[in-house]
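data_33.txt (compact mmCIF, C-alpha atoms and all ligand atoms)
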```txt
# COMPACT_ATOMS: atom_id res chain seq x y z
CA MET A 1 0.00 0.00 0.00
CA SER A 2 1.32 3.42 -0.91
CA SER A 3 2.17 5.86 1.86
CA LYS A 4 -0.31 8.26 0.27
CA GLU A 5 -3.09 5.72 0.79
CA THR A 6 -1.98 5.07 4.37
CA ASP A 7 -2.15 8.79 4.95
CA LEU A 8 -5.63 9.03 3.38
CA ILE A 9 -6.91 6.21 5.59
CA ARG A 10 -5.45 7.86 8.67
CA ARG A 11 -7.24 11.08 7.74
CA VAL A 12 -10.54 9.25 7.11
CA ARG A 13 -10.26 7.71 10.59
CA SER A 14 -10.28 11.21 12.01
CA GLY A 15 -13.39 12.06 9.99
CA ASP A 16 -11.84 13.78 6.96
CA GLN A 17 -14.45 13.43 4.21
CA GLU A 18 -12.23 15.00 1.56
CA ALA A 19 -9.70 12.21 2.09
CA PHE A 20 -12.51 9.70 1.86
CA ALA A 21 -13.66 11.22 -1.44
CA GLU A 22 -10.20 10.47 -2.85
CA LEU A 23 -10.47 6.84 -1.78
CA VAL A 24 -13.95 6.54 -3.30
CA THR A 25 -12.74 8.00 -6.58
CA THR A 26 -9.78 5.61 -6.61
CA TYR A 27 -11.84 2.48 -5.96
CA ARG A 28 -15.32 3.22 -7.28
CA GLU A 29 -14.86 1.46 -10.64
CA ARG A 30 -13.38 -1.68 -9.07
CA ILE A 31 -16.00 -1.89 -6.34
CA HIS A 32 -18.85 -1.17 -8.74
CA ARG A 33 -17.55 -3.84 -11.09
CA LEU A 34 -17.34 -6.40 -8.28
CA VAL A 35 -20.83 -5.59 -6.99
CA TYR A 36 -22.23 -5.69 -10.53
CA GLY A 37 -20.59 -9.09 -11.03
CA LEU A 38 -22.18 -10.37 -7.82
CA LEU A 39 -25.66 -8.95 -8.46
CA ARG A 40 -25.74 -8.52 -12.25
CA ASP A 41 -28.32 -5.77 -12.01
CA ARG A 42 -27.42 -2.23 -13.02
CA ASP A 43 -29.62 -0.26 -10.59
CA GLU A 44 -29.00 -2.49 -7.62
CA ALA A 45 -25.25 -2.45 -8.30
CA GLU A 46 -25.29 1.37 -8.12
CA ASP A 47 -27.22 1.39 -4.84
CA VAL A 48 -25.15 -1.33 -3.22
CA THR A 49 -21.88 0.29 -4.36
CA GLN A 50 -22.96 3.46 -2.54
CA GLU A 51 -23.78 1.41 0.55
CA VAL A 52 -20.35 -0.24 0.40
CA PHE A 53 -18.59 3.11 0.61
CA ILE A 54 -20.87 4.43 3.35
CA LYS A 55 -20.23 1.27 5.38
CA ALA A 56 -16.50 1.55 4.65
CA TYR A 57 -16.48 5.13 5.92
CA TYR A 58 -18.10 4.32 9.25
CA ARG A 59 -16.28 1.05 9.74
CA ILE A 60 -12.82 2.18 8.71
CA SER A 61 -11.56 1.62 12.26
CA SER A 62 -12.00 -2.13 11.69
CA TYR A 63 -9.39 -1.97 8.90
CA LYS A 64 -6.19 -2.87 10.71
CA GLY A 65 -3.79 -2.47 7.80
CA GLN A 66 -2.74 -6.12 7.84
CA SER A 67 -3.66 -6.62 4.19
CA ALA A 68 -4.06 -4.25 1.25
CA PHE A 69 -6.88 -1.76 1.66
CA TYR A 70 -8.67 -2.98 -1.47
CA THR A 71 -8.99 -6.54 -0.06
CA TRP A 72 -10.71 -5.10 3.01
CA LEU A 73 -12.94 -2.98 0.76
CA TYR A 74 -13.73 -6.04 -1.37
CA ARG A 75 -14.79 -7.87 1.78
CA VAL A 76 -17.13 -5.02 2.74
CA ALA A 77 -18.54 -5.22 -0.82
CA VAL A 78 -19.00 -9.00 -0.78
CA ASN A 79 -20.79 -8.81 2.58
CA ALA A 80 -22.96 -5.89 1.42
CA ALA A 81 -23.98 -7.77 -1.74
CA THR A 82 -24.75 -10.88 0.33
CA ASP A 83 -26.87 -8.84 2.77
CA TRP A 84 -28.68 -7.21 -0.14
CA ARG A 85 -29.53 -10.60 -1.61
CA LYS A 86 -30.86 -11.82 1.72
CA LYS A 87 -33.07 -8.73 1.96
CA TRP A 88 -34.24 -9.31 -1.60
CA TRP A 89 -35.26 -12.87 -0.84
CA LYS A 90 -37.02 -11.79 2.30
CA ARG A 91 -38.92 -9.03 0.47
CA LYS A 92 -40.04 -11.35 -2.27
CA GLY A 93 -40.60 -14.28 0.06
CA LEU A 94 -38.66 -16.51 -2.30
CA SER A 95 -36.49 -19.50 -1.65
CA LEU A 96 -32.74 -19.43 -2.09
CA SER A 97 -32.99 -21.04 -5.50
CA GLU A 98 -34.98 -18.12 -6.93
CA SER A 99 -32.34 -15.45 -6.88
CA PRO A 100 -32.65 -11.96 -8.34
CA THR A 101 -29.80 -12.64 -10.72
CA GLY A 102 -30.57 -13.05 -14.34
CA PRO A 103 -32.11 -10.80 -16.92
CA GLU A 104 -29.30 -8.30 -17.26
CA GLY A 105 -26.70 -10.74 -18.53
CA LEU A 106 -29.21 -11.80 -21.12
CA ALA A 107 -29.93 -8.28 -22.23
CA ASP A 108 -26.23 -7.76 -22.79
CA GLU A 109 -26.03 -10.99 -24.77
CA ARG A 110 -28.94 -9.88 -26.91
CA ALA A 111 -27.13 -6.64 -27.61
CA ARG A 112 -24.48 -8.57 -29.52
CA PRO A 113 -26.16 -9.90 -32.64
CA GLU A 114 -22.91 -11.37 -33.95
CA ARG A 115 -23.06 -14.02 -31.24
CA LEU A 116 -24.24 -17.41 -32.33
CA ALA A 117 -27.65 -18.55 -31.14
CA HIS A 118 -25.95 -21.40 -29.31
CA GLY A 119 -23.68 -18.99 -27.47
CA ARG A 120 -26.69 -16.92 -26.40
CA GLU A 121 -28.56 -19.93 -25.15
CA LEU A 122 -25.52 -21.23 -23.32
CA GLY A 123 -25.04 -17.80 -21.74
CA GLN A 124 -28.66 -17.83 -20.61
CA ARG A 125 -28.32 -21.29 -19.10
CA LEU A 126 -25.10 -20.35 -17.33
CA ASP A 127 -26.72 -17.21 -15.98
CA GLU A 128 -29.61 -19.23 -14.60
CA ALA A 129 -27.30 -21.88 -13.18
CA LEU A 130 -25.13 -19.22 -11.49
CA GLY A 131 -28.31 -17.76 -10.00
CA LYS A 132 -29.18 -21.13 -8.49
CA LEU A 133 -25.78 -21.67 -6.86
CA PRO A 134 -25.46 -21.14 -3.11
CA GLU A 135 -24.18 -17.65 -2.40
CA LYS A 136 -20.67 -18.73 -1.34
CA TYR A 137 -20.14 -20.64 -4.60
CA ARG A 138 -21.38 -17.83 -6.82
CA THR A 139 -19.26 -15.31 -4.92
CA ILE A 140 -16.04 -17.28 -5.28
CA LEU A 141 -16.64 -17.91 -8.99
CA VAL A 142 -17.23 -14.19 -9.56
CA LEU A 143 -14.04 -13.31 -7.64
CA ARG A 144 -12.05 -15.82 -9.67
CA GLU A 145 -13.55 -15.69 -13.17
CA PHE A 146 -15.06 -12.20 -13.39
CA GLU A 147 -12.59 -10.31 -11.20
CA GLY A 148 -9.63 -12.51 -12.09
CA LEU A 149 -8.34 -12.60 -8.50
CA SER A 150 -5.59 -15.05 -7.57
CA TYR A 151 -6.05 -17.70 -4.84
CA ASP A 152 -4.02 -15.50 -2.49
CA GLU A 153 -6.21 -12.49 -3.15
CA ILE A 154 -9.44 -14.49 -2.76
CA ALA A 155 -8.08 -15.97 0.48
CA ARG A 156 -7.46 -12.47 1.82
CA VAL A 157 -10.82 -11.05 0.69
CA LEU A 158 -12.87 -13.93 2.10
CA GLU A 159 -10.48 -14.57 5.00
CA LEU A 160 -10.21 -18.22 4.10
CA PRO A 161 -7.22 -20.56 4.09
CA LYS A 162 -5.85 -21.05 0.56
CA GLY A 163 -6.78 -24.74 0.67
CA THR A 164 -10.40 -23.75 1.23
CA VAL A 165 -10.29 -21.40 -1.75
CA GLU A 166 -9.19 -24.32 -3.90
CA SER A 167 -11.80 -26.73 -2.55
CA ARG A 168 -14.62 -24.18 -2.65
CA LEU A 169 -13.85 -23.33 -6.27
CA PHE A 170 -13.85 -27.04 -7.08
CA ARG A 171 -17.21 -27.56 -5.35
CA ALA A 172 -18.69 -24.50 -7.05
CA ARG A 173 -17.69 -25.92 -10.44
CA GLU A 174 -19.04 -29.35 -9.52
CA ARG A 175 -22.43 -27.85 -8.60
CA LEU A 176 -22.46 -25.82 -11.77
CA LYS A 177 -21.68 -28.90 -13.84
CA THR A 178 -24.63 -30.73 -12.25
CA LEU A 179 -26.94 -27.81 -13.08
CA MET A 180 -25.56 -27.53 -16.63
CA THR A 181 -25.53 -31.25 -17.47
CA PRO A 182 -28.71 -31.13 -19.61
CA TYR A 183 -27.15 -28.44 -21.83
CA MET A 184 -23.54 -29.52 -22.14
CA MET B 1 -6.42 -41.21 -12.25
CA ASP B 2 -10.05 -41.56 -11.14
CA CYS B 3 -12.90 -39.14 -11.94
CA SER B 4 -12.66 -37.31 -8.64
CA GLU B 5 -8.92 -36.66 -9.16
CA ALA B 6 -9.54 -35.72 -12.78
CA LYS B 7 -12.16 -33.13 -11.81
CA ARG B 8 -9.95 -31.64 -9.10
CA SER B 9 -7.15 -31.44 -11.66
CA LEU B 10 -9.49 -29.76 -14.16
CA SER B 11 -10.43 -27.16 -11.56
CA LEU B 12 -6.74 -26.51 -10.89
CA LEU B 13 -6.04 -26.36 -14.63
CA ALA B 14 -8.72 -23.67 -15.02
CA ASP B 15 -6.82 -21.66 -12.42
CA GLU B 16 -3.44 -22.34 -14.06
CA ARG B 17 -2.28 -24.33 -11.07
CA LEU B 18 -1.71 -27.74 -12.62
CA GLY B 19 1.76 -29.12 -13.35
CA ALA B 20 2.76 -30.17 -16.89
CA GLU B 21 3.15 -33.88 -16.04
CA GLU B 22 -0.36 -34.01 -14.54
CA ILE B 23 -1.82 -32.45 -17.68
CA GLY B 24 -0.72 -35.51 -19.69
CA THR B 25 -2.46 -37.95 -17.31
CA LEU B 26 -5.55 -35.74 -17.30
CA GLU B 27 -5.75 -35.68 -21.11
CA GLU B 28 -5.65 -39.46 -21.18
CA HIS B 29 -8.54 -39.64 -18.72
CA LEU B 30 -10.60 -37.04 -20.60
CA GLY B 31 -10.25 -39.01 -23.84
CA ALA B 32 -11.97 -41.96 -22.19
CA CYS B 33 -14.46 -40.29 -19.82
CA ALA B 34 -17.51 -38.42 -21.10
CA ASP B 35 -18.53 -37.18 -17.65
CA CYS B 36 -15.19 -35.52 -16.92
CA ALA B 37 -15.13 -34.13 -20.45
CA ARG B 38 -18.50 -32.51 -19.68
CA PHE B 39 -17.07 -31.10 -16.45
CA ALA B 40 -14.18 -29.66 -18.49
CA ARG B 41 -16.60 -28.02 -20.94
CA THR B 42 -18.65 -26.48 -18.10
CA VAL B 43 -15.56 -25.08 -16.39
CA GLU B 44 -14.41 -23.55 -19.67
CA ALA B 45 -17.88 -22.21 -20.50
CA VAL B 46 -18.32 -20.41 -17.17
CA LYS B 47 -14.80 -19.02 -17.43
CA ALA B 48 -15.59 -17.61 -20.88
CA TYR B 49 -19.03 -16.35 -19.82
CA LEU B 50 -17.93 -14.53 -16.68
CA GLY B 51 -14.65 -13.46 -18.27
CA GLU B 52 -16.52 -11.66 -21.07
CA LEU B 53 -19.52 -10.43 -19.10
CA PRO B 54 -19.74 -6.70 -19.93
CA CYS B 55 -19.92 -4.32 -16.99
CA PRO B 56 -21.42 -0.84 -17.15
CA PRO B 57 -19.21 1.95 -15.76
CA ALA B 58 -19.82 3.25 -12.26
CA PRO B 59 -22.09 6.32 -12.21
CA PRO B 60 -19.88 9.37 -12.80
CA ASN B 61 -21.27 11.23 -9.77
CA LEU B 62 -20.84 8.30 -7.38
CA THR B 63 -18.30 10.09 -5.17
CA GLU B 64 -20.63 13.09 -4.78
CA ARG B 65 -23.60 10.85 -4.04
CA VAL B 66 -21.67 8.97 -1.36
CA LEU B 67 -20.46 12.21 0.26
CA ALA B 68 -23.98 13.65 0.22
CA ARG B 69 -25.29 10.56 2.01
CA LEU B 70 -22.58 10.72 4.66
CA GLY B 71 -24.27 13.91 5.81
CA GLU B 72 -27.67 12.23 6.15
CA PRO B 73 -28.74 11.33 9.69
CA GLY B 74 -29.50 7.68 8.85
CA SER B 75 -26.25 6.88 7.09
CA ARG B 76 -24.35 5.77 10.17
CA LEU B 77 -27.23 3.47 11.04
CA LEU B 78 -27.07 1.99 7.56
CA ALA B 79 -23.48 0.97 8.12
CA PHE B 80 -24.42 -1.04 11.17
CA ARG B 81 -27.97 -2.03 10.26
CA PRO B 82 -27.54 -5.80 9.90
CA MET B 83 -25.88 -5.90 13.31
CA LEU B 84 -28.45 -3.58 14.90
CA ARG B 85 -31.27 -5.64 13.47
CA ARG B 86 -29.95 -8.78 15.13
CA VAL B 87 -29.34 -6.98 18.40
CA ALA B 88 -32.88 -5.53 18.29
CA ALA B 89 -34.32 -9.00 17.68
CA ALA B 90 -32.34 -10.37 20.61
CA ALA B 91 -33.45 -7.48 22.84
CA ALA B 92 -37.09 -8.08 21.89
CA LEU B 93 -36.65 -11.75 22.72
CA LEU B 94 -35.12 -10.84 26.05
CA LEU B 95 -38.16 -8.69 26.81
CA VAL B 96 -40.51 -11.50 25.86
CA ILE B 97 -38.62 -13.86 28.15
CA THR B 98 -38.21 -11.60 31.14
CA GLY B 99 -41.26 -9.30 30.82
CA PRO B 100 -44.16 -11.76 31.01
CA ALA B 101 -42.16 -13.97 33.37
CA ALA B 102 -42.08 -11.14 35.88
CA LEU B 103 -45.85 -10.87 35.57
CA TRP B 104 -46.37 -14.55 36.18
CA VAL B 105 -44.98 -14.21 39.65
CA GLU B 106 -47.78 -13.18 41.99
CA PRO B 107 -47.08 -10.00 43.96
CA GLY B 108 -45.82 -10.79 47.41
CA GLN B 109 -44.70 -14.29 46.45
CA PRO B 110 -41.04 -15.24 46.45
CA LYS B 111 -39.61 -15.18 42.92
CA THR B 112 -37.02 -17.85 43.61
CA ALA B 113 -39.04 -20.65 42.04
CA ALA B 114 -39.27 -19.03 38.66
CA SER B 115 -36.18 -16.88 38.49
CA PRO B 116 -33.23 -19.31 38.13
CA GLU B 117 -34.59 -20.65 34.90
CA ILE B 118 -35.54 -17.21 33.65
CA ARG B 119 -32.16 -15.83 34.57
CA PHE B 120 -30.49 -18.69 32.73
CA THR B 121 -32.50 -17.97 29.58
CA ALA B 122 -31.93 -14.23 29.81
CA ASP B 123 -28.20 -14.80 30.22
CA GLY B 124 -28.33 -17.03 27.17
CA ALA B 125 -30.02 -14.26 25.19
CA LEU B 126 -27.40 -11.77 26.34
CA ASP B 127 -24.64 -14.15 25.29
CA TRP B 128 -26.37 -14.45 21.98
CA ILE B 129 -26.50 -10.65 21.54
CA MET B 130 -22.77 -10.46 22.22
CA SER B 131 -22.05 -13.29 19.82
CA GLU B 132 -24.16 -11.56 17.14
CA ILE B 133 -22.09 -8.40 17.54
CA ALA B 134 -18.89 -10.43 17.25
CA ARG B 135 -20.26 -12.32 14.26
CA GLU B 136 -21.05 -9.14 12.37
CA ASN B 137 -17.38 -8.26 12.23
CA ALA B 138 -16.04 -11.77 11.83
CA PRO B 139 -15.02 -13.37 8.56
CA ARG B 140 -17.76 -15.56 7.12
CA ILE B 141 -16.14 -18.96 7.12
CA ASP B 142 -17.68 -22.34 6.65
CA ALA B 143 -16.33 -24.75 9.22
CA GLU B 144 -17.19 -27.75 7.06
CA GLU B 145 -14.82 -26.54 4.38
CA VAL B 146 -11.77 -25.83 6.45
CA LYS B 147 -9.31 -28.62 5.88
ZN ZN A 201 -13.83 -39.19 -15.33
```
Any chance you could put this one into structure tokens?
Ligand SMILES: [Zn+2]
Amino acid sequence: MSSKETDLIRRVRSGDQEAFAELVTTYRERIHRLVYGLLRDRDEAEDVTQEVFIKAYYRISSYKGQSAFYTWLYRVAVNAATDWRKKWWKRKGLSLSESPTGPEGLADERARPERLAHGRELGQRLDEALGKLPEKYRTILVLREFEGLSYDEIARVLELPKGTVESRLFRARERLKTLMTPYM
Amino acid sequence: MDCSEAKRSLSLLADERLGAEEIGTLEEHLGACADCARFARTVEAVKAYLGELPCPPAPPNLTERVLARLGEPGSRLLAFRPMLRRVAAAAALLLVITGPAALWVEPGQPKTAASPEIRFTADGALDWIMSEIARENAPRIDAEEVK
């Protein structure tokens, strides 16, 4: 972490909102991208990204500087997206298998007419299957495949041992394979 | 190499963590096993799908919107809402346990008969409140997965 960032964080701890604005501007694209990957809904991603930064501001004292600031911020984002999903399920009174994830990925696929029909259908099936995965499996796949994080980075964000990162990714892919079997 | 090993190797391969010599053994297995070949196709497909998933840019005024909300009275509550909700639920439970229990005891009668059990339950609820507060800030780990 740069000394400039350390300094910004120190200032935020003492309530300096200008310093916090600099941190938000630095990380807003990355955090928005992560939240969008987890929720795959444009409007909700915007709202939850805002919540992430508000939570980060008030909880900054829980960042102890043991890992990079962005891994801590990612963790706040993953937890905020998870909480949002729980609220969504509660509001709609749906079971865990009926997640809010879905239509947006499709809309984006439809916006690319050059894609083969098979590719579109496969994308749709994958989107549905990802929506049916337990939260922890979807989250780790998004961190790995959408965010491109390494095992070390995922381990730090989720505060898991590296061996668990490996086994959770494996189990996530196994579940996905079961869900995708009729289409593969 | 059995199917379970093959699938673990495929997962590692997807993450570029498989050694060259294991790739040879894996290829042999895939040539003869339709189920593992299907696993391989799924792993590749989700990698391609998520890897190419387009993402809209963050709203340009996000920083301003966040700063504006920091000034709102409810924003601090928002940051701690999940924790507060659990604490509130526990407090309500505590009231349900202790409130009516106090009423059950006739005025003038010794409370000793009812109170040990009530106290035990109320202490349990308090412990639970404290554990909820700790849980809010703890990493979300699955014990079953930890090797
Ligand atoms: Zn096999």
Pull out every residue of chain B that has at least one atom within 6 Å of chain A, counting all atoms listed in the file, and report them as a PyMOL selection string. chain B and resi 11+39+42+47+50-51+58+63+66+79+139+146
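CA of Lys132 in chain A to CA of Ala6 in chain B spans 24.8 Å [interatomic distance, one decimal].
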Figure out the distance between CA of Leu38 in chain A and CA of Ile154 in chain A, please, to one decimal in Å. 14.3 Å
Residue contacts of Ile9 in chain A (8 Å, all atoms listed in the file) excluding same-chain residues fewer than 3 positions away, as a CSV table (one decimal) with C-alpha atoms, in the coordinates of the input:
```
chain,number,residue,atom,x,y,z
A,5,GLU,CA,-3.1,5.7,0.8
A,6,THR,CA,-2.0,5.1,4.4
A,12,VAL,CA,-10.5,9.2,7.1
A,13,ARG,CA,-10.3,7.7,10.6
A,19,ALA,CA,-9.7,12.2,2.1
A,20,PHE,CA,-12.5,9.7,1.9
A,60,ILE,CA,-12.8,2.2,8.7
```
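Computed from the coordinates, the CA of Ser2 in chain A to CA of Val76 in chain A distance equals 20.6 Å.
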